[in-house]
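Enquirer: I have a structure I would like to understand better, so I am pasting it below and will then ask my questions one at a time.
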Amino acid sequence: MFAYVVRRLFIGVILLIVMSLVTFLLFFLMPQDPARVACGKNCSIAQIKQTEKALGYDKPALTQWTDFLQGVVVGREYPEDKSLREKAPELISDCAAPCLGYSRVNQVTVSEEIKEAFPVSASLAVLAFIMWIVGGILFGVIAAVTKGTVVDRGIVAISLVFYAFPTFFIGLFLLKFIAIKWGWVDVPSYTTIAEGGVGGWLSNLFLPALTLALFFMAGYVRMTRAFVLESMTEDYIRTARAKGLKRGPVLFKHTMRAALTPLVTMAGLDFAGLLGGAIITESVFNFNGLGKLAVDANVSYDLPTLIGLVVLLGSFVIVANIIVDVLYAVIDPRVRVG
Amino acid sequence: MSFLSVRDLRVHFPTIDGVVKATDGLSFDLERGKTLGIVGESGSGKSVSTSAILGLHRRTNAIVSGEILLDGVDLLKVSDEDMRRRRGREVAMIFQDPLSAMHPYYRVGNQIAEAYRVHHDVSKKAARARAIEMLDRVGIPQPDRRVDDYPHQFSGGMRQRAMIAMALINNPSLLIADEPTTALDVTVQAQILDLLQDLQRDFDAAVMIITHDLGVVAEMAHDVLVMYGGRAVEYGATKEILTHPEMPYTWGLLSSIPEVDADPEAKLVPIPGNPPSLLNPPSGCHFHPRCTHRDKVPGDLCRTVSPELTPGTRGEGHLKRCHLANPDVVYEREVLPEIAPDLVEGR
Ligand SMILES: Nc1ncnc2c1ncn2[C@@H]1O[C@H](COP(=O)(O)OP(=O)(O)OP(=O)(O)O)[C@@H](O)[C@H]1O
Ligand code: SF4
Ligand SMILES: [Mg+2]
């Protein structure tokens, strides 16, 4: 098992390196010239060249990429140009390893940006995850055991509605009615636990987390229902009933154990994806998380930030994949031995 | 009255297309210590009928009627909770594919012990000891070690032994074995059948064994019931039925017994034609579209009138569902020479 995890991590690192290279290449294949955009409409050619140099986009793409990789391993110092550094030693900022780069647009290191934004996205992800897993499994199981009745049809219909509506619609709806029109809660703005205590942190997260949770919950209700129904038809469930087991143990011990296993994979990967930022929800509620950071970086052609986010999100997904596989081996004895 | 007495058992599944009559008026009797064999093609309603005895059908999709008298108690009239308490204790079942019949995520020993603990108020430790004892009884080597294995770590034959241990752990008085050897290879089949016979003697249980294989019936069963399209078409003592069958469908089954040296994997397609639809069964005798003897019955009776289950030419103990007036003669003259020519010549 240990050797397996090490091998998977190794493959993951290679994957990340390739991903960063692809991102660099794609960035420089863009039809837009980032320096021209940054400089403004009325810049002269010379000014544009100047900006390009200041942004560090003047070097060949491959060199920039190898500089980036080197920075991740040993750290970097900015500005990169030696002559600039010598001229103004007081402006040197040090970016220790693993250095993901320096955003000239925002005038901070990428690690700094991520340190600011990650708690926002992580808080959202954790709270949404708890809500949608609890709700999704609960309603999914209820729908499965009441299959064909009004209860089941109601649950399926409602989850279909939430599944079909785009997240920004649900988010705007909640914001407009619950927060603004009816004033049941304050308009959320992210508050850390240090600032507002656990209560303030939770109440401000509630609406955006609910927005995310509703969308995911809809899918999980339908999956849970399908998995439970499928597992109810298994031979070993008939065996469990033939033993004389009560309904409770048949459902919770035998049926659910088998039905929920595939959910572990999906839940793990969905959660990892969310950790990297919920673009739409964060934008709707104006939360400065990783998702919003990515959108802004896109708009301002902020390559270092983009690369940093790609590598971060990529590593979340890779690590989540490994954790899910290890979990699977814990859950399913057939995987464990084989 | 017999220990188990089933009367006019019907299991109907209402579907959008109509009512599927999977079991349609089945009656039979069984004593303790005796074995009843149930044979018939795939889809003839064998599993549906026996599941009804365990009360495994869900009220939401099945309508079960008739009488199932076990030791004088009608199992179709007792409460759900009462039936649950009898399941696994009075009536136990062994299934066809022991791999899929065991939960892949739980240890074999836990699954067996669980069957004991449902019906006995004992500690986990005591139930585990009992499970080891049963594993030993069904011939699992090193049971105290294997008890902690998962099903996938057992071989096919061992899994079926473990299923038998699970079924017998509460000393049931009725054991239903639904094709217990179909998924196993030939040598293991014989071992499992021997084991079942052994255990039946020890436990004095009534046994129902479902099979496609008349060879199994010949070896194991005192009585045999041949099913076709949800009904009994021939029923009587095994010896009697196998030597003097009087119903063309049974003849077809007999002629499809594989040669001893035939490929055991070969799937048996006993009789040309398809099994009858349970939704819209054929008119008259349900077997008539496939029967090669229907011309011998005058007046198109086979197509228009459904034959009753009536005593055969050799007396009350032998029931058959067929219009043929002299099936014994037809069998002797036409069927026997086909299926066992050497036997006929020898006379
Ligand atoms: N829940 C159900 N709804 C509708 N039809 C059903 C249902 N369960 C079983 N049937 C039908 O009942 C018929 C009899 O099935 P059953 O499993 O008893 O056959 P069998 O004789 O055991 O066959 P096999 O030898 O393949 O095990 C089949 O045609 C099946 O389609
Ligand atoms: S009743 Fe007629 S069709 Fe049916 S089995 Fe007998 S001979 Fe054949
Ligand atoms: Mg069957």
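For the structure tokens, the naming scheme is as follows: chains receive sequential letters (A, B, ...) according to their order of presentation, residues are indexed from 1 within each chain, and ligands are indexed from 1 in presentation order.
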Which residues of chain B come within 6 Å of chain A, and for each one, what is the closest pair of atoms and their distance in Å to one decimal, counting only C-alpha atoms, sorted by chain and residue number, as a Markdown table?

Expert:
```
| residue | atom | partner | partner_atom | distance |
| --- | --- | --- | --- | --- |
| B:Arg84 | CA | A:Gly244 | CA | 5.0 |
| B:Arg85 | CA | A:Gly244 | CA | 5.9 |
| B:Arg87 | CA | A:Gly244 | CA | 4.6 |
| B:Gly88 | CA | A:Lys243 | CA | 4.2 |
| B:Ser100 | CA | A:Asp235 | CA | 5.6 |
| B:Ala101 | CA | A:Tyr236 | CA | 4.2 |
| B:Met102 | CA | A:Tyr236 | CA | 5.0 |
| B:His103 | CA | A:Tyr236 | CA | 5.3 |
| B:Tyr105 | CA | A:Asp332 | CA | 5.9 |
| B:Ala115 | CA | A:Lys243 | CA | 5.4 |
```

Enquirer: Using only C-alpha atoms, which residues sit within 8 Å of B:Gly33 once same-chain residues fewer than 3 positions away are excluded, as an NGL selection string?

Expert: :B and (200-201 or 204-207)

Enquirer: So that I can see what lies close to A:Cys99, please list as number ranges by chain the residues with an atom at most 9 Å from it, counting only C-alpha atoms and leaving out residues fewer than 6 positions away in the same chain.

Expert: A: 68-76, 109-111

Enquirer: Let's have the selection written as a PDB file, in the first residue's frame, with N, CA, C and O atoms.

Expert:
```pdb
ATOM      1  N   PHE A  68      10.003  29.090 -13.374  1.00  0.00           N
ATOM      2  CA  PHE A  68       8.898  28.789 -12.459  1.00  0.00           C
ATOM      3  C   PHE A  68       9.185  27.502 -11.685  1.00  0.00           C
ATOM      4  O   PHE A  68       9.089  27.456 -10.454  1.00  0.00           O
ATOM      5  N   LEU A  69       9.594  26.446 -12.429  1.00  0.00           N
ATOM      6  CA  LEU A  69       9.872  25.160 -11.778  1.00  0.00           C
ATOM      7  C   LEU A  69      10.991  25.303 -10.760  1.00  0.00           C
ATOM      8  O   LEU A  69      10.910  24.790  -9.642  1.00  0.00           O
ATOM      9  N   GLN A  70      12.024  26.047 -11.173  1.00  0.00           N
ATOM     10  CA  GLN A  70      13.159  26.250 -10.274  1.00  0.00           C
ATOM     11  C   GLN A  70      12.707  26.968  -9.001  1.00  0.00           C
ATOM     12  O   GLN A  70      13.105  26.623  -7.893  1.00  0.00           O
ATOM     13  N   GLY A  71      11.830  27.961  -9.189  1.00  0.00           N
ATOM     14  CA  GLY A  71      11.308  28.710  -8.052  1.00  0.00           C
ATOM     15  C   GLY A  71      10.551  27.813  -7.084  1.00  0.00           C
ATOM     16  O   GLY A  71      10.642  27.972  -5.864  1.00  0.00           O
ATOM     17  N   VAL A  72       9.796  26.858  -7.639  1.00  0.00           N
ATOM     18  CA  VAL A  72       9.032  25.959  -6.776  1.00  0.00           C
ATOM     19  C   VAL A  72       9.982  25.163  -5.889  1.00  0.00           C
ATOM     20  O   VAL A  72       9.728  24.935  -4.710  1.00  0.00           O
ATOM     21  N   VAL A  73      11.154  24.797  -6.475  1.00  0.00           N
ATOM     22  CA  VAL A  73      12.074  23.940  -5.724  1.00  0.00           C
ATOM     23  C   VAL A  73      12.964  24.747  -4.764  1.00  0.00           C
ATOM     24  O   VAL A  73      13.077  24.412  -3.585  1.00  0.00           O
ATOM     25  N   VAL A  74      13.594  25.841  -5.286  1.00  0.00           N
ATOM     26  CA  VAL A  74      14.575  26.553  -4.447  1.00  0.00           C
ATOM     27  C   VAL A  74      14.155  27.971  -4.054  1.00  0.00           C
ATOM     28  O   VAL A  74      14.850  28.627  -3.288  1.00  0.00           O
ATOM     29  N   GLY A  75      13.042  28.454  -4.553  1.00  0.00           N
ATOM     30  CA  GLY A  75      12.615  29.807  -4.238  1.00  0.00           C
ATOM     31  C   GLY A  75      13.173  30.812  -5.236  1.00  0.00           C
ATOM     32  O   GLY A  75      14.041  30.493  -6.063  1.00  0.00           O
ATOM     33  N   ARG A  76      12.657  32.040  -5.200  1.00  0.00           N
ATOM     34  CA  ARG A  76      13.088  33.077  -6.149  1.00  0.00           C
ATOM     35  C   ARG A  76      13.184  34.429  -5.446  1.00  0.00           C
ATOM     36  O   ARG A  76      12.686  34.592  -4.333  1.00  0.00           O
ATOM     37  N   THR A 109       3.193  38.105  -3.757  1.00  0.00           N
ATOM     38  CA  THR A 109       3.519  36.766  -4.234  1.00  0.00           C
ATOM     39  C   THR A 109       2.219  35.958  -4.349  1.00  0.00           C
ATOM     40  O   THR A 109       1.232  36.213  -3.650  1.00  0.00           O
ATOM     41  N   VAL A 110       2.260  34.969  -5.232  1.00  0.00           N
ATOM     42  CA  VAL A 110       1.072  34.139  -5.447  1.00  0.00           C
ATOM     43  C   VAL A 110       0.723  33.381  -4.164  1.00  0.00           C
ATOM     44  O   VAL A 110      -0.445  33.233  -3.804  1.00  0.00           O
ATOM     45  N   SER A 111       1.761  32.931  -3.450  1.00  0.00           N
ATOM     46  CA  SER A 111       1.507  32.219  -2.191  1.00  0.00           C
ATOM     47  C   SER A 111       0.705  33.097  -1.240  1.00  0.00           C
ATOM     48  O   SER A 111      -0.204  32.639  -0.551  1.00  0.00           O
TER      49      SER A 111
END
```

Enquirer: Check which residues fall inside 7 Å of ligand 3 when counting only C-alpha atoms and all ligand atoms, and print them as a list in words.

Expert: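 Written in the requested form, the residues are Ser42, Lys46, Ser47 and Asp178 of chain B.
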
Enquirer: Do you know which residues are at most 9 Å from stretch 7-15 of chain B counting only C-alpha atoms, after dropping those on the same chain fewer than 5 positions away, and could you put them as an MDAnalysis selection string?

Expert: chainID B and resid 20:29 48:49 52 57 61:69 230

Enquirer: Go ahead and save the picked residues with N, CA and C atoms, as an mmCIF file, in the first residue's frame.

Expert:
```cif
data_model
loop_
_atom_site.group_PDB
_atom_site.id
_atom_site.type_symbol
_atom_site.label_atom_id
_atom_site.label_comp_id
_atom_site.auth_asym_id
_atom_site.auth_seq_id
_atom_site.Cartn_x
_atom_site.Cartn_y
_atom_site.Cartn_z
ATOM 1 N N VAL B 20 -48.538 -10.819 -14.173
ATOM 2 C CA VAL B 20 -47.633 -11.941 -14.428
ATOM 3 C C VAL B 20 -47.954 -13.038 -13.422
ATOM 4 N N LYS B 21 -48.468 -14.158 -13.935
ATOM 5 C CA LYS B 21 -48.838 -15.254 -13.026
ATOM 6 C C LYS B 21 -47.667 -16.209 -12.915
ATOM 7 N N ALA B 22 -46.703 -15.848 -12.058
ATOM 8 C CA ALA B 22 -45.460 -16.613 -11.966
ATOM 9 C C ALA B 22 -45.696 -17.963 -11.299
ATOM 10 N N THR B 23 -46.606 -17.995 -10.319
ATOM 11 C CA THR B 23 -47.038 -19.260 -9.722
ATOM 12 C C THR B 23 -48.553 -19.235 -9.761
ATOM 13 N N ASP B 24 -49.146 -20.309 -10.289
ATOM 14 C CA ASP B 24 -50.577 -20.237 -10.532
ATOM 15 C C ASP B 24 -51.272 -21.519 -10.098
ATOM 16 N N GLY B 25 -51.449 -21.660 -8.791
ATOM 17 C CA GLY B 25 -52.194 -22.796 -8.281
ATOM 18 C C GLY B 25 -51.323 -24.011 -8.041
ATOM 19 N N LEU B 26 -50.372 -23.872 -7.109
ATOM 20 C CA LEU B 26 -49.436 -24.955 -6.848
ATOM 21 C C LEU B 26 -49.820 -25.628 -5.524
ATOM 22 N N SER B 27 -49.859 -26.963 -5.528
ATOM 23 C CA SER B 27 -50.152 -27.700 -4.298
ATOM 24 C C SER B 27 -49.182 -28.857 -4.163
ATOM 25 N N PHE B 28 -48.670 -29.058 -2.965
ATOM 26 C CA PHE B 28 -47.836 -30.233 -2.711
ATOM 27 C C PHE B 28 -47.680 -30.436 -1.206
ATOM 28 N N ASP B 29 -47.152 -31.595 -0.824
ATOM 29 C CA ASP B 29 -46.952 -31.927 0.584
ATOM 30 C C ASP B 29 -45.532 -32.416 0.792
ATOM 31 N N VAL B 48 -39.776 -18.224 -7.515
ATOM 32 C CA VAL B 48 -40.874 -17.390 -7.043
ATOM 33 C C VAL B 48 -41.727 -18.170 -6.047
ATOM 34 N N SER B 49 -42.007 -19.430 -6.339
ATOM 35 C CA SER B 49 -42.849 -20.231 -5.444
ATOM 36 C C SER B 49 -42.178 -20.457 -4.103
ATOM 37 N N ALA B 52 -41.974 -17.534 -1.809
ATOM 38 C CA ALA B 52 -43.240 -17.264 -1.132
ATOM 39 C C ALA B 52 -43.304 -18.011 0.200
ATOM 40 N N HIS B 57 -41.487 -12.220 -0.707
ATOM 41 C CA HIS B 57 -42.051 -11.270 -1.672
ATOM 42 C C HIS B 57 -42.491 -10.005 -0.969
ATOM 43 N N ASN B 61 -45.207 -5.350 -4.627
ATOM 44 C CA ASN B 61 -45.247 -5.758 -6.033
ATOM 45 C C ASN B 61 -45.739 -7.176 -6.267
ATOM 46 N N ALA B 62 -46.096 -7.896 -5.206
ATOM 47 C CA ALA B 62 -46.545 -9.271 -5.407
ATOM 48 C C ALA B 62 -47.836 -9.540 -4.639
ATOM 49 N N ILE B 63 -48.738 -10.299 -5.270
ATOM 50 C CA ILE B 63 -49.944 -10.737 -4.580
ATOM 51 C C ILE B 63 -49.818 -12.239 -4.367
ATOM 52 N N VAL B 64 -49.745 -12.644 -3.109
ATOM 53 C CA VAL B 64 -49.569 -14.062 -2.794
ATOM 54 C C VAL B 64 -50.864 -14.570 -2.172
ATOM 55 N N SER B 65 -51.407 -15.680 -2.713
ATOM 56 C CA SER B 65 -52.617 -16.237 -2.119
ATOM 57 C C SER B 65 -52.519 -17.753 -2.059
ATOM 58 N N GLY B 66 -53.486 -18.378 -1.380
ATOM 59 C CA GLY B 66 -53.469 -19.818 -1.164
ATOM 60 C C GLY B 66 -53.139 -20.113 0.284
ATOM 61 N N GLU B 67 -52.624 -21.306 0.542
ATOM 62 C CA GLU B 67 -52.267 -21.694 1.912
ATOM 63 C C GLU B 67 -50.880 -22.293 1.921
ATOM 64 N N ILE B 68 -50.080 -21.893 2.903
ATOM 65 C CA ILE B 68 -48.800 -22.561 3.125
ATOM 66 C C ILE B 68 -48.818 -23.008 4.578
ATOM 67 N N LEU B 69 -49.197 -24.262 4.826
ATOM 68 C CA LEU B 69 -49.313 -24.746 6.195
ATOM 69 C C LEU B 69 -48.011 -25.418 6.599
ATOM 70 N N GLY B 230 -45.489 -21.916 -14.248
ATOM 71 C CA GLY B 230 -46.101 -21.541 -12.988
ATOM 72 C C GLY B 230 -47.038 -22.588 -12.406
#
```

Enquirer: Work out how far atom CA of B:Val217 is from atom CA of B:Asn171, in Å to one decimal.

Expert: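 About the pair atom CA of B:Asn171 and atom CA of B:Val217: they are 23.6 Å apart.
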
Enquirer: Which residues are near ligand 2 in this structure, taking near to mean any atom at most 7 Å from a ligand atom and counting only C-alpha atoms and all ligand atoms? Format them as a PyMOL selection string.

Expert: chain B and resi 247-249+285-288+291-294+296-297+302+307+321-324

Enquirer: In Å to one decimal, how far is atom CA of A:Ile17 from atom CA of A:Val311?

Expert: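 Atom CA of A:Ile17 lies 8.3 Å from atom CA of A:Val311.
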
Enquirer: For stretch 303-310 of chain A, list every protein, DNA or RNA residue within 6 Å, evaluated using only C-alpha atoms, and leave out those in the same chain fewer than 3 positions away; present the list as a PyMOL selection string.

Expert: chain A and resi 100-101+103+110+313-314

Enquirer: Do you know which residues are at most 7 Å from B:Val188 counting only C-alpha atoms, after dropping those on the same chain fewer than 4 positions away, and could you put them as a list in words?

Expert: Gly157, Leu184 and Ile192 of chain B

Enquirer: According to DSSP computed on the backbone, where in stretch 74-142 of chain B is there strand (DSSP E)? Give the residues as a short mmCIF file (atom, residue, chain, number, x, y, z; two decimals) with C-alpha atoms, in the first residue's frame.

Expert:
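Listed below is the output, part_34.cif:
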```
data_model
loop_
_atom_site.label_atom_id
_atom_site.label_comp_id
_atom_site.auth_asym_id
_atom_site.auth_seq_id
_atom_site.Cartn_x
_atom_site.Cartn_y
_atom_site.Cartn_z
CA ASP B 74 -50.67 -20.89 7.67
CA VAL B 91 -37.42 -22.15 7.27
CA ALA B 92 -33.99 -21.53 5.79
CA MET B 93 -32.76 -21.15 2.24
CA ILE B 94 -29.62 -21.82 0.24
#
```

Enquirer: Within 12 Å of A:Phe165, counting only C-alpha atoms, which residues show up once you throw out same-chain ones fewer than 3 positions away? Write them as a PyMOL selection string, please.

Expert: chain A and resi 158-162+168-173+211-212+214-216+218

Enquirer: Quick one: write out the picked residues with all heavy atoms as a compact mmCIF listing (two decimals), in the first residue's frame?

Expert:
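Output file result-v3.txt is given in full below:
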```txt
# COMPACT_ATOMS: atom_id res chain seq x y z
N ILE A 158 -38.21 17.65 -6.86
CA ILE A 158 -37.54 18.83 -6.30
C ILE A 158 -36.04 18.80 -6.63
O ILE A 158 -35.44 19.81 -7.02
CB ILE A 158 -37.75 18.91 -4.77
CG1 ILE A 158 -39.23 19.22 -4.50
CG2 ILE A 158 -36.87 20.00 -4.16
CD1 ILE A 158 -39.60 19.16 -3.04
N SER A 159 -35.43 17.63 -6.49
CA SER A 159 -33.99 17.59 -6.76
C SER A 159 -33.72 17.84 -8.24
O SER A 159 -32.71 18.43 -8.61
CB SER A 159 -33.39 16.26 -6.30
OG SER A 159 -33.91 15.20 -7.03
N LEU A 160 -34.65 17.44 -9.09
CA LEU A 160 -34.49 17.71 -10.52
C LEU A 160 -34.50 19.22 -10.78
O LEU A 160 -33.71 19.74 -11.58
CB LEU A 160 -35.61 17.03 -11.30
CG LEU A 160 -35.31 16.77 -12.76
CD1 LEU A 160 -34.22 15.72 -12.86
CD2 LEU A 160 -36.55 16.30 -13.49
N VAL A 161 -35.38 19.93 -10.06
CA VAL A 161 -35.46 21.38 -10.21
C VAL A 161 -34.13 22.02 -9.86
O VAL A 161 -33.57 22.81 -10.62
CB VAL A 161 -36.58 21.95 -9.32
CG1 VAL A 161 -36.49 23.48 -9.27
CG2 VAL A 161 -37.94 21.52 -9.85
N PHE A 162 -33.59 21.64 -8.70
CA PHE A 162 -32.32 22.24 -8.28
C PHE A 162 -31.17 21.84 -9.19
O PHE A 162 -30.21 22.57 -9.37
CB PHE A 162 -31.99 21.86 -6.83
CG PHE A 162 -32.79 22.66 -5.84
CD1 PHE A 162 -33.69 22.04 -5.01
CD2 PHE A 162 -32.64 24.03 -5.76
CE1 PHE A 162 -34.45 22.78 -4.11
CE2 PHE A 162 -33.38 24.79 -4.87
CZ PHE A 162 -34.29 24.15 -4.04
N PHE A 168 -25.80 30.15 -10.52
CA PHE A 168 -25.88 31.60 -10.33
C PHE A 168 -27.32 32.03 -10.10
O PHE A 168 -27.60 32.94 -9.34
CB PHE A 168 -25.25 32.36 -11.50
CG PHE A 168 -26.05 32.36 -12.76
CD1 PHE A 168 -27.07 33.30 -12.94
CD2 PHE A 168 -25.80 31.45 -13.78
CE1 PHE A 168 -27.81 33.32 -14.10
CE2 PHE A 168 -26.54 31.46 -14.93
CZ PHE A 168 -27.55 32.39 -15.10
N PHE A 169 -28.27 31.26 -10.70
CA PHE A 169 -29.67 31.60 -10.49
C PHE A 169 -30.08 31.32 -9.05
O PHE A 169 -30.67 32.17 -8.38
CB PHE A 169 -30.54 30.80 -11.46
CG PHE A 169 -32.00 31.10 -11.32
CD1 PHE A 169 -32.58 32.14 -12.02
CD2 PHE A 169 -32.78 30.35 -10.45
CE1 PHE A 169 -33.92 32.42 -11.87
CE2 PHE A 169 -34.12 30.63 -10.30
CZ PHE A 169 -34.69 31.67 -11.01
N ILE A 170 -29.74 30.14 -8.57
CA ILE A 170 -30.07 29.79 -7.19
C ILE A 170 -29.42 30.79 -6.24
O ILE A 170 -30.04 31.31 -5.30
CB ILE A 170 -29.60 28.36 -6.86
CG1 ILE A 170 -30.31 27.36 -7.77
CG2 ILE A 170 -29.88 28.03 -5.40
CD1 ILE A 170 -29.84 25.94 -7.58
N GLY A 171 -28.14 31.10 -6.51
CA GLY A 171 -27.41 32.02 -5.65
C GLY A 171 -28.06 33.40 -5.63
O GLY A 171 -28.33 33.96 -4.57
N LEU A 172 -28.35 33.93 -6.82
CA LEU A 172 -28.96 35.26 -6.89
C LEU A 172 -30.33 35.26 -6.24
O LEU A 172 -30.72 36.20 -5.55
CB LEU A 172 -29.09 35.69 -8.35
CG LEU A 172 -27.78 36.15 -9.00
CD1 LEU A 172 -28.00 36.49 -10.47
CD2 LEU A 172 -27.23 37.37 -8.26
N PHE A 173 -31.08 34.18 -6.43
CA PHE A 173 -32.41 34.06 -5.85
C PHE A 173 -32.33 34.14 -4.33
O PHE A 173 -33.04 34.92 -3.69
CB PHE A 173 -33.04 32.74 -6.29
CG PHE A 173 -34.42 32.53 -5.79
CD1 PHE A 173 -35.51 32.99 -6.51
CD2 PHE A 173 -34.63 31.86 -4.59
CE1 PHE A 173 -36.80 32.80 -6.03
CE2 PHE A 173 -35.91 31.67 -4.11
CZ PHE A 173 -37.00 32.14 -4.83
N THR A 211 -26.19 27.52 -1.44
CA THR A 211 -26.27 27.57 -2.90
C THR A 211 -25.51 26.40 -3.53
O THR A 211 -26.03 25.66 -4.37
CB THR A 211 -25.66 28.88 -3.42
OG1 THR A 211 -26.32 29.97 -2.77
CG2 THR A 211 -25.82 29.00 -4.91
N LEU A 212 -24.26 26.25 -3.07
CA LEU A 212 -23.44 25.15 -3.59
C LEU A 212 -24.05 23.81 -3.22
O LEU A 212 -24.16 22.90 -4.04
CB LEU A 212 -22.04 25.22 -2.96
CG LEU A 212 -21.05 26.14 -3.60
CD1 LEU A 212 -19.77 26.13 -2.79
CD2 LEU A 212 -20.77 25.67 -5.02
N LEU A 214 -27.11 22.93 -2.50
CA LEU A 214 -28.36 22.56 -3.18
C LEU A 214 -28.07 21.92 -4.53
O LEU A 214 -28.68 20.90 -4.89
CB LEU A 214 -29.25 23.79 -3.37
CG LEU A 214 -30.01 24.22 -2.12
CD1 LEU A 214 -30.79 25.51 -2.41
CD2 LEU A 214 -30.96 23.12 -1.67
N PHE A 215 -27.12 22.51 -5.24
CA PHE A 215 -26.80 21.97 -6.56
C PHE A 215 -26.24 20.55 -6.43
O PHE A 215 -26.71 19.61 -7.06
CB PHE A 215 -25.79 22.87 -7.26
CG PHE A 215 -25.27 22.29 -8.53
CD1 PHE A 215 -26.06 22.29 -9.68
CD2 PHE A 215 -24.01 21.71 -8.59
CE1 PHE A 215 -25.59 21.74 -10.85
CE2 PHE A 215 -23.54 21.15 -9.76
CZ PHE A 215 -24.34 21.17 -10.89
N PHE A 216 -25.24 20.39 -5.56
CA PHE A 216 -24.64 19.06 -5.41
C PHE A 216 -25.62 18.07 -4.79
O PHE A 216 -25.68 16.91 -5.17
CB PHE A 216 -23.38 19.14 -4.53
CG PHE A 216 -22.17 19.62 -5.29
CD1 PHE A 216 -21.74 20.92 -5.19
CD2 PHE A 216 -21.48 18.75 -6.12
CE1 PHE A 216 -20.63 21.37 -5.90
CE2 PHE A 216 -20.37 19.19 -6.82
CZ PHE A 216 -19.95 20.50 -6.71
N ALA A 218 -28.73 17.83 -5.09
CA ALA A 218 -29.67 17.31 -6.08
C ALA A 218 -29.08 16.08 -6.77
O ALA A 218 -29.74 15.06 -6.91
CB ALA A 218 -30.00 18.40 -7.09
```
